[in-house]
Every structure is written in structure tokens, then in C-alpha cells.
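Enquirer: Attaching a single structure in C-alpha cells format; questions to follow.
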Amino acid sequence: MTSATSRGAVLVLGGARSGKSRYAENLVIATGLDRHYLATGRAWDEEMRARIDKHREDRGPLWNTIEEPLDIVPTLEVIDQLDNVVLVDCLTLWVTNLMMEEGRDLRAEFARLAAHAARARARLVFVSNEVGLGIVPENKMAREFRDHAGRLHQMIAEVASEVYFVAAGLPLKMKG
């Protein structure tokens with residue numbers, strides 16, 4: 001597990017239900033810093049609303065939850081303090097949200113996030129779904145999503161001090 005005193009961003013990748021979010025939450029808790037949870041998910045339906053409510057309940061009162069589906073860099077800038085640790089969950093939902101908005105320049109948004117991650121004073125822990133390990137998607141939008149997610153992961157991994165891949169609840173340290 002990451003050193004509680006280390007600085008720099010952490011990227012935690014994995015598949016759906018791989019244990020990546022739980023691992024990332026444990027990394028955050030181990031720092032002993034003030035915990036912030038930046039949630040990018042949107043409740044498009046009742047099932048998603050129930051998931052969001054359960055996640056919020058499971059985390060409990062020791063977390064400051066901020067829901068921001070699009071403008072995560074300005075949100076991170078507001079809470080960028082040395083005594084804060086911020087869990088951003090998750091980057092792939094953020095990519096989806098950006099793709100669904102007209103006029104968003106994803107490459108510019110990704111570059112802005114990577115630049116912030118490289119200079120942040122707060123400890124940042126990013127969670128994201130690794131979607132590039134399967135078959136080539138059959139439709140254009142799904143292929144674009146996979147490509148955007150892959151590019152974003154590479155940009156964040158480049159500036160991160162640590163990168164983990166989680167499968168079956170087991171972390172594999174890839175960097176740091």
C-alpha cells in the first residue's frame with residue numbers, strides 16, 4: 001500500500017467490481033488527511049441513484065462528498081490544500097459525462113486535469129475503469145469512449161507518483 005506520507009497523485013485502475021474503489025478508499029484513509037470524495041457519477045435512473053446513496057452511506061460522516069460530473073479541475077482547485085486527500089471516483093464516468101455534453105474539448109479537459117494532478121498540493125487518488133483489455137467495440141461511440149479513456153489513463157499515469165491495477169481485490173503496483 002502507498003506510503004501515508006508520500007505526495008503526488010495515485011491512479012487506481014481495474015475492471016468493474018474489481019475492488020479498485022475499496023482499495024483507493026483504503027489508500028485515502030491511510031493518509032490520515034482530511035478526506036474528500038469527488039463523485040463524478042450522475043443518477044440517470046433509480047438504480048444509479050440507489051448505488052450513489054449506498055456508496056455515500058458506506059463511506060460515512062468522515063468523508064466530505066462533492067458531486068461534480070463535469071468541472072472537476074475547478075473543484076479540485078478549491079480544495080487543493082496540503083491537509084486534504086481527494087478521492088476522484090471515477091474518471092471513466094467523467095469521460096462519459098464529457099462525451100454527452102456538446103462542445104466539450106476532451107483533450108483539453110484531460111490536459112488540464114493532468115496538469116493539475118502534477119502540481120496539486122492535496123493528495124489525489126484517481127479511480128478509473130480499465131476498458132481497453134477486451135474486444136474492439138462494435139460501434140463508433142463505444143470505440144471513441146475506449147480511446148478517450150485510454151488516453152486519459154496514460155496522461156494521469158505519466159504524472160502520477162503511483163499507479164495500481166486491481167483485479168479480484170488484489171492490487172498490482174505498476175509504478176512508484
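Just remember, in the C-alpha cells the first chain shown is A, the second B, etc., residues are 1-based per chain, and ligands are 1-based in the order shown.
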Report as a ChimeraX atom specification all protein, DNA and RNA residues lying within 9 Å of region 22-38 of chain A, evaluated on only C-alpha atoms, omitting residues in the same chain fewer than 3 positions from it.
Expert: /A:1-6,10-12,19,59,62-69,72,75-76,79,82-90,123-127,166,169-171
Enquirer: Applying 10 Å and only C-alpha atoms, which residues near Met99 (chain A) remain after dropping the ones on its own chain fewer than 4 positions away? List them as a tab-separated table (two decimals) with N, CA and C atoms, in the first residue's frame.
Expert:
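Everything below was put into out.tsv:
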```
chain	number	residue	atom	x	y	z
A	93	LEU	N	-16.45	7.60	-15.65
A	93	LEU	CA	-17.75	8.26	-15.63
A	93	LEU	C	-17.60	9.71	-16.07
A	94	TRP	N	-16.50	10.35	-15.67
A	94	TRP	CA	-16.23	11.72	-16.10
A	94	TRP	C	-16.10	11.79	-17.62
A	95	VAL	N	-15.38	10.83	-18.21
A	95	VAL	CA	-15.25	10.78	-19.67
A	95	VAL	C	-16.64	10.67	-20.31
A	103	GLY	N	-19.88	20.45	-27.16
A	103	GLY	CA	-18.87	21.50	-27.13
A	103	GLY	C	-17.74	21.30	-26.15
A	104	ARG	N	-17.60	20.13	-25.56
A	104	ARG	CA	-16.51	19.90	-24.63
A	104	ARG	C	-15.30	19.38	-25.40
A	105	ASP	N	-14.16	19.97	-25.16
A	105	ASP	CA	-12.90	19.55	-25.78
A	105	ASP	C	-12.23	18.57	-24.82
A	106	LEU	N	-12.42	17.29	-25.06
A	106	LEU	CA	-11.94	16.28	-24.13
A	106	LEU	C	-10.42	16.31	-23.97
A	141	MET	N	-19.21	5.21	-31.07
A	141	MET	CA	-19.18	5.91	-29.79
A	141	MET	C	-18.44	5.09	-28.73
A	144	GLU	N	-14.78	5.34	-29.43
A	144	GLU	CA	-14.28	6.65	-29.01
A	144	GLU	C	-14.13	6.72	-27.50
A	145	PHE	N	-15.11	6.18	-26.77
A	145	PHE	CA	-15.04	6.15	-25.31
A	145	PHE	C	-13.79	5.39	-24.85
A	148	HIS	N	-10.71	7.49	-25.64
A	148	HIS	CA	-10.59	8.63	-24.72
A	148	HIS	C	-10.11	8.17	-23.35
```
Enquirer: Quick one: everything within 8 Å of Ala160 (chain A), counting only C-alpha atoms, minus sequence neighbours fewer than 4 positions away in the same chain. Send it as a list in words.
Expert: Gly8, Ala9, Val10, Leu11, Ala117, Ala118 and Ile156 of chain A
Enquirer: The selected residues should be written to file as a CSV table (one decimal), in the first residue's frame (atoms: N, CA, C and O atoms).
Expert:
```csv
chain,number,residue,atom,x,y,z
A,8,GLY,N,2.0,13.4,-4.3
A,8,GLY,CA,1.8,13.1,-5.7
A,8,GLY,C,0.5,12.3,-5.9
A,8,GLY,O,0.0,11.8,-5.0
A,9,ALA,N,0.1,12.3,-7.1
A,9,ALA,CA,-1.2,11.7,-7.4
A,9,ALA,C,-1.0,10.1,-7.5
A,9,ALA,O,0.1,9.6,-7.8
A,10,VAL,N,-2.1,9.5,-7.3
A,10,VAL,CA,-2.2,8.0,-7.4
A,10,VAL,C,-3.3,7.7,-8.3
A,10,VAL,O,-4.4,8.2,-8.3
A,11,LEU,N,-3.0,6.7,-9.2
A,11,LEU,CA,-4.1,6.2,-10.2
A,11,LEU,C,-4.3,4.8,-9.8
A,11,LEU,O,-3.4,4.0,-9.8
A,117,ALA,N,-3.0,17.6,-11.6
A,117,ALA,CA,-2.5,16.5,-10.8
A,117,ALA,C,-1.0,16.6,-10.6
A,117,ALA,O,-0.5,16.2,-9.5
A,118,ALA,N,-0.3,17.1,-11.6
A,118,ALA,CA,1.1,17.2,-11.5
A,118,ALA,C,1.6,18.2,-10.4
A,118,ALA,O,2.7,18.1,-9.9
A,156,ILE,N,-2.7,10.6,-16.9
A,156,ILE,CA,-2.7,10.6,-15.5
A,156,ILE,C,-1.5,9.7,-15.0
A,156,ILE,O,-0.8,10.1,-14.0
```
Enquirer: Go through A:Ser128, A:Thr40, A:Asn139, A:Thr92 one by one, measure the shortest atom-to-atom distance of each to Tyr164 (chain A) using only C-alpha atoms, and give the residue with the smallest value.
Expert: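 Closest to Tyr164 (chain A) of all the choices is A:Ser128.
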Enquirer: Need to verify the contact set: Val131 (chain A), 8 Å, only C-alpha atoms, exclusion of same-chain residues closer than 4 positions in sequence. Can you return it as a PyMOL selection string?
Expert: chain A and resi 15+146+149-150
Enquirer: Take the residues just selected and output them with C-alpha atoms as a tab-separated table (two decimals), in the first residue's frame.
Expert:
```
chain	number	residue	atom	x	y	z
A	15	GLY	CA	-12.40	-3.62	-14.11
A	146	ARG	CA	-12.43	3.39	-25.05
A	149	ALA	CA	-10.33	6.60	-21.52
A	150	GLY	CA	-7.05	5.06	-22.64
```
Enquirer: Out of A:Gln154, A:Thr96, A:Ser18, A:Gln81, which residue has the shortest atom-to-atom distance to Ala167 (chain A) when counting only C-alpha atoms?
Expert: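 Counting only C-alpha atoms, the residue closest to Ala167 (chain A) is A:Ser18.
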Enquirer: Report as JSON, numbers by chain: the residues of region 30-170 of chain A with a DSSP assignment of strand (DSSP E), based on the backbone of this structure.
Expert: {"A": [34, 35, 36, 37, 38, 39, 63, 64, 65, 66, 67, 84, 85, 86, 87, 88, 89, 123, 124, 125, 126, 127, 128, 129, 162, 163, 164, 165, 166, 167, 170]}
Enquirer: Among chain A, which residues carry a DSSP assignment of alpha helix (DSSP H), reported as a ChimeraX atom specification?
Expert: /A:20-31,46-59,72-78,91-100,106-119,140-159
Enquirer: How many Å lie between CA of Asp71 (chain A) and CA of Leu133 (chain A), rounded to one decimal?
Expert: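 Distance between the two atoms: 27.9 Å.
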